[in-house]
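Asker: model-v5.csv (CSV, C-alpha atoms) pasted underneath:
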chain,number,residue,atom,x,y,z
A,19,GLN,CA,-2.1,26.3,52.5
A,20,SER,CA,-5.3,24.2,52.0
A,21,VAL,CA,-6.9,22.2,54.8
A,22,LEU,CA,-7.2,19.3,52.5
A,23,THR,CA,-4.0,18.1,50.8
A,24,GLN,CA,-3.9,17.0,47.2
A,25,PRO,CA,-0.9,16.4,45.0
A,26,PRO,CA,-0.4,19.4,42.7
A,27,SER,CA,-0.2,17.3,39.6
A,28,ALA,CA,-0.9,13.9,38.1
A,29,SER,CA,-0.5,12.5,34.7
A,30,GLY,CA,-1.3,9.4,32.6
A,31,THR,CA,-1.5,8.2,29.0
A,32,PRO,CA,-4.8,7.5,27.2
A,33,GLY,CA,-6.5,4.4,28.5
A,34,GLN,CA,-4.5,4.3,31.8
A,35,ARG,CA,-6.0,4.5,35.3
A,36,VAL,CA,-4.9,7.4,37.5
A,37,THR,CA,-5.7,8.1,41.1
A,38,ILE,CA,-5.7,11.4,42.9
A,39,SER,CA,-5.5,11.5,46.7
A,40,CYS,CA,-7.0,13.9,49.2
A,41,SER,CA,-5.8,13.9,52.8
A,42,GLY,CA,-7.6,15.6,55.6
A,43,SER,CA,-8.3,15.2,59.3
A,44,SER,CA,-10.9,13.9,61.7
A,45,SER,CA,-12.8,17.2,61.6
A,46,ASN,CA,-13.4,17.1,57.9
A,47,ILE,CA,-13.0,13.9,55.9
A,48,GLY,CA,-13.0,11.8,59.0
A,49,SER,CA,-16.5,12.9,59.9
A,50,ASN,CA,-18.1,14.2,56.8
A,51,THR,CA,-18.6,13.1,53.2
A,52,VAL,CA,-16.3,14.1,50.4
A,53,ASN,CA,-17.1,15.6,47.0
A,54,TRP,CA,-14.9,15.9,44.0
A,55,TYR,CA,-15.1,18.6,41.4
A,56,GLN,CA,-13.7,18.8,37.9
A,57,GLN,CA,-12.8,22.2,36.4
A,58,LEU,CA,-12.0,22.2,32.7
A,59,PRO,CA,-9.8,25.1,31.5
A,60,GLY,CA,-11.6,28.4,31.5
A,61,THR,CA,-14.9,27.0,32.9
A,62,ALA,CA,-16.7,26.8,36.2
A,63,PRO,CA,-16.3,23.7,38.4
A,64,LYS,CA,-18.6,20.7,37.9
A,65,LEU,CA,-19.7,18.2,40.5
A,66,LEU,CA,-18.0,14.9,39.7
A,67,ILE,CA,-18.5,12.7,42.8
A,68,TYR,CA,-20.7,13.3,45.9
A,69,SER,CA,-21.1,11.5,49.1
A,70,ASN,CA,-17.7,9.9,48.8
A,71,ASN,CA,-18.5,7.6,45.9
A,72,GLN,CA,-21.7,8.7,44.1
A,73,ARG,CA,-21.8,9.9,40.5
A,74,PRO,CA,-24.4,12.5,39.4
A,75,SER,CA,-26.3,11.6,36.3
A,76,GLY,CA,-24.2,12.2,33.2
A,77,VAL,CA,-20.9,11.5,34.8
A,78,PRO,CA,-19.2,8.5,33.1
A,79,ASP,CA,-18.6,5.4,35.3
A,80,ARG,CA,-14.9,5.8,34.5
A,81,PHE,CA,-14.9,8.2,37.4
A,82,SER,CA,-15.1,6.7,40.9
A,83,GLY,CA,-14.5,7.9,44.5
A,84,SER,CA,-13.6,6.2,47.7
A,85,LYS,CA,-12.9,7.2,51.3
A,86,SER,CA,-11.1,5.6,54.2
A,87,GLY,CA,-10.6,7.3,57.5
A,88,THR,CA,-9.3,10.8,56.9
A,89,SER,CA,-8.4,10.3,53.3
A,90,ALA,CA,-10.2,10.1,50.0
A,91,SER,CA,-9.4,9.2,46.4
A,92,LEU,CA,-10.6,9.9,43.0
A,93,ALA,CA,-9.9,7.3,40.3
A,94,ILE,CA,-10.2,7.8,36.6
A,95,SER,CA,-10.0,4.7,34.4
A,96,GLY,CA,-9.7,4.6,30.7
A,97,LEU,CA,-8.1,8.0,30.7
A,98,GLN,CA,-9.2,10.3,27.8
A,99,SER,CA,-7.8,13.5,26.5
A,100,GLU,CA,-10.9,15.4,27.6
A,101,ASP,CA,-10.2,14.4,31.2
A,102,GLU,CA,-7.4,16.9,31.2
A,103,ALA,CA,-8.5,19.3,33.9
A,104,ASP,CA,-8.1,20.5,37.5
A,105,TYR,CA,-9.7,18.3,40.2
A,106,TYR,CA,-10.6,19.4,43.7
A,107,CYS,CA,-11.8,17.5,46.7
A,108,ALA,CA,-14.1,19.2,49.3
A,109,ALA,CA,-15.7,18.5,52.6
A,110,TRP,CA,-17.4,20.2,55.5
A,111,ASP,CA,-15.1,20.9,58.4
A,112,GLY,CA,-16.8,20.8,61.8
A,113,SER,CA,-14.0,22.5,63.7
A,114,LEU,CA,-13.9,25.4,61.2
A,115,SER,CA,-17.7,25.4,60.7
A,116,GLY,CA,-17.2,25.8,57.0
A,117,ARG,CA,-16.4,24.0,53.8
A,118,VAL,CA,-12.8,23.2,52.9
A,119,PHE,CA,-11.3,22.5,49.5
A,120,GLY,CA,-8.1,20.7,48.5
A,121,GLY,CA,-5.5,22.8,46.7
A,122,GLY,CA,-6.4,21.1,43.4
A,123,THR,CA,-4.6,18.5,41.2
A,124,LYS,CA,-3.8,19.4,37.6
A,125,LEU,CA,-4.3,16.2,35.5
A,126,THR,CA,-2.3,16.0,32.3
A,127,VAL,CA,-3.1,13.4,29.7
A,128,LEU,CA,0.2,12.7,27.9
B,15,GLU,CA,-32.4,23.7,34.2
B,16,VAL,CA,-30.6,25.3,37.1
B,17,GLN,CA,-29.2,28.7,36.2
B,18,LEU,CA,-27.1,31.0,38.4
B,19,LEU,CA,-26.1,34.3,37.0
B,20,GLU,CA,-23.6,36.4,39.0
B,21,SER,CA,-23.2,40.2,38.6
B,22,GLY,CA,-21.6,43.1,40.3
B,23,GLY,CA,-18.0,42.4,39.9
B,24,GLY,CA,-15.5,45.0,38.7
B,25,LEU,CA,-12.5,47.0,39.7
B,26,VAL,CA,-12.4,48.5,43.2
B,27,GLN,CA,-9.7,50.3,45.2
B,28,PRO,CA,-8.3,48.7,48.3
B,29,GLY,CA,-10.5,49.5,51.3
B,30,GLY,CA,-13.5,49.9,49.0
B,31,SER,CA,-16.8,48.0,48.9
B,32,LEU,CA,-18.7,45.9,46.4
B,33,ARG,CA,-21.9,44.0,46.4
B,34,LEU,CA,-22.2,40.9,44.3
B,35,SER,CA,-25.6,39.4,43.2
B,36,CYS,CA,-26.6,36.0,42.0
B,37,ALA,CA,-29.9,35.6,40.2
B,38,ALA,CA,-31.2,32.1,40.4
B,39,SER,CA,-33.7,30.2,38.2
B,40,GLY,CA,-34.7,26.7,37.3
B,41,PHE,CA,-35.3,25.5,40.9
B,42,THR,CA,-37.1,26.5,44.1
B,43,PHE,CA,-34.6,29.0,45.4
B,44,SER,CA,-36.1,29.3,48.9
B,45,SER,CA,-35.5,25.6,49.5
B,46,TYR,CA,-31.7,25.5,49.0
B,47,ALA,CA,-28.7,26.7,50.9
B,48,MET,CA,-26.4,28.9,48.7
B,49,ASN,CA,-22.7,29.6,48.7
B,50,TRP,CA,-20.0,31.9,47.5
B,51,VAL,CA,-16.7,30.3,46.4
B,52,ARG,CA,-13.8,32.3,44.9
B,53,GLN,CA,-10.8,31.5,42.8
B,54,ALA,CA,-7.8,33.9,42.6
B,55,PRO,CA,-6.1,34.1,39.2
B,56,GLY,CA,-4.2,30.8,38.6
B,57,LYS,CA,-5.1,29.5,42.0
B,58,GLY,CA,-7.4,26.9,43.5
B,59,LEU,CA,-11.0,27.1,44.8
B,60,GLU,CA,-11.6,28.8,48.1
B,61,TRP,CA,-14.9,28.6,49.9
B,62,VAL,CA,-16.1,32.0,51.1
B,63,SER,CA,-19.6,31.6,52.8
B,64,VAL,CA,-22.8,29.7,52.9
B,65,ILE,CA,-26.3,30.7,53.9
B,66,SER,CA,-29.2,28.4,54.8
B,67,HIS,CA,-32.3,28.2,52.7
B,68,SER,CA,-34.2,30.5,55.1
B,69,GLY,CA,-31.3,32.9,55.7
B,70,GLY,CA,-31.3,32.0,59.4
B,71,ARG,CA,-27.8,30.5,59.4
B,72,THR,CA,-24.7,31.8,57.9
B,73,TYR,CA,-21.1,30.6,58.0
B,74,TYR,CA,-17.9,32.3,56.8
B,75,ALA,CA,-14.3,31.5,56.0
B,76,ASP,CA,-12.0,33.1,58.6
B,77,PHE,CA,-10.4,35.3,56.0
B,78,VAL,CA,-13.7,37.2,55.4
B,79,LYS,CA,-15.2,37.3,58.8
B,80,GLY,CA,-16.2,40.8,59.7
B,81,ARG,CA,-15.7,42.1,56.2
B,82,PHE,CA,-18.1,40.1,54.0
B,83,THR,CA,-21.8,39.5,54.6
B,84,ILE,CA,-23.9,36.9,52.8
B,85,SER,CA,-27.6,37.4,52.4
B,86,ARG,CA,-30.5,36.4,50.3
B,87,ASP,CA,-33.9,37.6,49.1
B,88,ASN,CA,-36.1,34.6,48.6
B,89,SER,CA,-38.9,36.8,47.1
B,90,LYS,CA,-36.5,37.8,44.4
B,91,ASP,CA,-34.6,34.5,44.0
B,92,THR,CA,-31.4,36.3,44.5
B,93,LEU,CA,-28.2,35.7,46.6
B,94,TYR,CA,-25.9,38.6,47.7
B,95,LEU,CA,-22.4,39.1,48.9
B,96,GLN,CA,-21.6,42.4,50.5
B,97,MET,CA,-17.8,42.9,50.5
B,98,ASN,CA,-16.3,45.7,52.6
B,99,SER,CA,-12.7,46.6,53.4
B,100,LEU,CA,-11.5,44.9,50.3
B,101,ARG,CA,-7.9,43.9,49.9
B,102,ALA,CA,-5.7,43.1,47.0
B,103,GLU,CA,-5.8,39.4,48.0
B,104,ASP,CA,-9.6,39.4,47.6
B,105,THR,CA,-9.0,39.6,43.8
B,106,ALA,CA,-10.7,36.6,42.3
B,107,VAL,CA,-13.5,35.2,40.3
B,108,TYR,CA,-16.5,34.8,42.7
B,109,TYR,CA,-18.8,31.9,42.0
B,110,CYS,CA,-22.3,31.5,43.2
B,111,ALA,CA,-23.1,27.9,44.0
B,112,LYS,CA,-26.2,25.9,45.0
B,113,ASP,CA,-26.3,23.0,47.4
B,114,GLN,CA,-27.4,19.6,46.3
B,115,TYR,CA,-30.3,18.8,48.6
B,116,ALA,CA,-33.1,21.0,49.8
B,117,THR,CA,-33.6,22.3,53.4
B,118,THR,CA,-30.2,21.4,54.9
B,119,ILE,CA,-26.7,22.8,54.3
B,120,ASN,CA,-25.1,19.9,52.5
B,121,ASP,CA,-22.8,19.8,49.4
B,122,ILE,CA,-22.3,22.2,46.5
B,123,GLN,CA,-23.8,20.8,43.3
B,124,HIS,CA,-24.4,23.6,40.8
B,125,TRP,CA,-22.1,26.5,40.0
B,126,GLY,CA,-22.6,29.8,38.2
B,127,GLN,CA,-20.1,31.1,35.6
B,128,GLY,CA,-18.5,33.6,38.1
B,129,THR,CA,-17.9,37.3,38.3
B,130,LEU,CA,-14.4,38.8,38.5
B,131,VAL,CA,-13.5,41.2,41.3
B,132,THR,CA,-10.3,43.1,41.0
B,133,VAL,CA,-9.0,45.0,44.0
B,134,SER,CA,-6.3,47.5,42.8
B,135,SER,CA,-5.4,51.1,43.0
Would you mind writing the structure in this file as structure tokens?
Answerer:
Amino acid sequence: QSVLTQPPSASGTPGQRVTISCSGSSSNIGSNTVNWYQQLPGTAPKLLIYSNNQRPSGVPDRFSGSKSGTSASLAISGLQSEDEADYYCAAWDGSLSGRVFGGGTKLTVL
Amino acid sequence: EVQLLESGGGLVQPGGSLRLSCAASGFTFSSYAMNWVRQAPGKGLEWVSVISHSGGRTYYADFVKGRFTISRDNSKDTLYLQMNSLRAEDTAVYYCAKDQYATTINDIQHWGQGTLVTVSS
């Protein structure tokens, strides 16, 4: 069982907006920044969002992140077929002295 | 361009040992903390360990403490993971990953392509 909790699946149709949640605690999300990673089928993960809401260069502005208290969210607007992937949240956990990942959310574009 | 190339994976019997390597290029290796993250077949990402840029600080996930050792050779731009007392549940693709900012342990930015470790008799 993962320290950070994500829904196992999400879905949407092209053009829609979808949101993926990530729930943690005061020792991780509550006191550290959150990153989001996208993993396309058969490939290595890729950094999508860092420091809660910052996009690395090259990541479309359709992707956005937010954090409030001990929860974080990833929003994808204007959903496209190529967004079909697994998405993971991550944060440092001060109590565990280590990084923690969410269990991952499989996004399906219908 | 940042490149991380893992090697050393393979088939090993339960109780056996394996050493993974990660050859880094495209950045000043000695300035960045480095990580190992694994992914069991069909499962999610699982952080294994991180080492500071100098090698002076290391942190491990509870499930590998006492069995795995992370190390680095900054003169060779190479990261290592020594894995002992391997168990079937250690079967996974092991990714080498670089932190985003220099000097401190911060957030994973770049990932290698991974090397598969299979623990089976």
Asker: Could you produce a table of the residues of chain B lying within 7 Å of chain A, with the nearest pair of atoms per residue and their separation in Å rounded to one decimal, using all atoms listed in the file, ordered by chain and increasing residue number, as CSV?
Answerer:
residue,atom,partner,partner_atom,distance
B:Gly58,CA,A:Gly121,CA,5.5
B:Leu59,CA,A:Phe119,CA,6.6
B:Glu60,CA,A:Phe119,CA,6.5
B:Trp61,CA,A:Arg117,CA,6.2
B:Tyr73,CA,A:Gly116,CA,6.3
B:Tyr74,CA,A:Gly116,CA,6.5
B:Ala75,CA,A:Gly116,CA,6.5
B:Gln123,CA,A:Leu65,CA,5.6
B:Trp125,CA,A:Ala62,CA,6.6
B:Gly126,CA,A:Ala62,CA,6.9
B:Gln127,CA,A:Ala62,CA,5.5
Asker: Interatomic distance between atom CA of B:Asp104 and atom CA of A:Val21?
Answerer: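 It comes out at 18.8 Å.
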Asker: Residues at most 8 Å from stretch 35-47 of chain A, counting only C-alpha atoms, excluding those fewer than 4 positions away in the same chain, as a PyMOL selection string?
Answerer: chain A and resi 21-25+28-30+51-52+87-97+107+109-113+118+120+123
Asker: Would you be able to write out as number ranges by chain which residues have an atom within 12 Å of (-40.0, 26.8, 46.1) in the file's coordinates, counting only C-alpha atoms?
Answerer: B: 38-46, 67-68, 88-91, 116-117
Asker: I'd like the interatomic distance between atom CA of B:Tyr115 and atom CA of B:Met48, to a tenth of an Å.
Answerer: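 It comes out at 10.8 Å.
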Asker: May I ask for the distance between atom CA of B:Val16 and atom CA of B:Asp87, given in Å to one decimal place?
Answerer: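 Atom CA of B:Asp87 lies at a distance of 17.5 Å from atom CA of B:Val16.
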Asker: When you count only C-alpha atoms, which of these residues is closest to A:Gln56: A:Gly33, A:Leu125, A:Asp79, A:Ala103?
Answerer: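 That would be A:Ala103, the residue with the smallest distance to A:Gln56.
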Asker: Identify the residues within 12 Å of coordinate (-22.9, 28.9, 49.2) (same frame as the file), considering all atoms listed in the file, and give the answer as an MDAnalysis selection string.
Answerer: (chainID A and resid 116:117) or (chainID B and resid 18 36 46:52 60:67 69 71:75 83:86 93:95 108:114 118:126)
Asker: Would you kindly place N, CA and C atoms on stretch 90-101 of chain B and return the model as a PDB file, keeping the file's coordinate frame?
Answerer:
ATOM      1  N   LYS B  90     -37.053  37.396  45.631  1.00  0.00           N
ATOM      2  CA  LYS B  90     -36.500  37.800  44.400  1.00  0.00           C
ATOM      3  C   LYS B  90     -35.546  36.701  43.778  1.00  0.00           C
ATOM      4  N   ASP B  91     -35.469  35.547  44.448  1.00  0.00           N
ATOM      5  CA  ASP B  91     -34.600  34.500  44.000  1.00  0.00           C
ATOM      6  C   ASP B  91     -33.171  34.945  43.766  1.00  0.00           C
ATOM      7  N   THR B  92     -32.683  35.705  44.703  1.00  0.00           N
ATOM      8  CA  THR B  92     -31.400  36.300  44.500  1.00  0.00           C
ATOM      9  C   THR B  92     -30.516  36.190  45.783  1.00  0.00           C
ATOM     10  N   LEU B  93     -29.255  35.870  45.545  1.00  0.00           N
ATOM     11  CA  LEU B  93     -28.200  35.700  46.600  1.00  0.00           C
ATOM     12  C   LEU B  93     -27.311  36.953  46.493  1.00  0.00           C
ATOM     13  N   TYR B  94     -26.807  37.402  47.640  1.00  0.00           N
ATOM     14  CA  TYR B  94     -25.900  38.600  47.700  1.00  0.00           C
ATOM     15  C   TYR B  94     -24.648  38.278  48.435  1.00  0.00           C
ATOM     16  N   LEU B  95     -23.607  39.050  48.118  1.00  0.00           N
ATOM     17  CA  LEU B  95     -22.400  39.100  48.900  1.00  0.00           C
ATOM     18  C   LEU B  95     -21.948  40.523  49.041  1.00  0.00           C
ATOM     19  N   GLN B  96     -22.088  41.086  50.220  1.00  0.00           N
ATOM     20  CA  GLN B  96     -21.600  42.400  50.500  1.00  0.00           C
ATOM     21  C   GLN B  96     -20.155  42.331  50.930  1.00  0.00           C
ATOM     22  N   MET B  97     -19.263  42.975  50.194  1.00  0.00           N
ATOM     23  CA  MET B  97     -17.800  42.900  50.500  1.00  0.00           C
ATOM     24  C   MET B  97     -17.314  44.267  50.863  1.00  0.00           C
ATOM     25  N   ASN B  98     -16.829  44.395  52.078  1.00  0.00           N
ATOM     26  CA  ASN B  98     -16.300  45.700  52.600  1.00  0.00           C
ATOM     27  C   ASN B  98     -14.801  45.493  52.884  1.00  0.00           C
ATOM     28  N   SER B  99     -14.126  46.613  53.056  1.00  0.00           N
ATOM     29  CA  SER B  99     -12.700  46.600  53.400  1.00  0.00           C
ATOM     30  C   SER B  99     -11.906  45.678  52.501  1.00  0.00           C
ATOM     31  N   LEU B 100     -12.117  45.811  51.226  1.00  0.00           N
ATOM     32  CA  LEU B 100     -11.500  44.900  50.300  1.00  0.00           C
ATOM     33  C   LEU B 100      -9.991  45.085  50.207  1.00  0.00           C
ATOM     34  N   ARG B 101      -9.318  43.959  49.995  1.00  0.00           N
ATOM     35  CA  ARG B 101      -7.900  43.900  49.900  1.00  0.00           C
ATOM     36  C   ARG B 101      -7.422  43.343  48.594  1.00  0.00           C
TER      37      ARG B 101
END
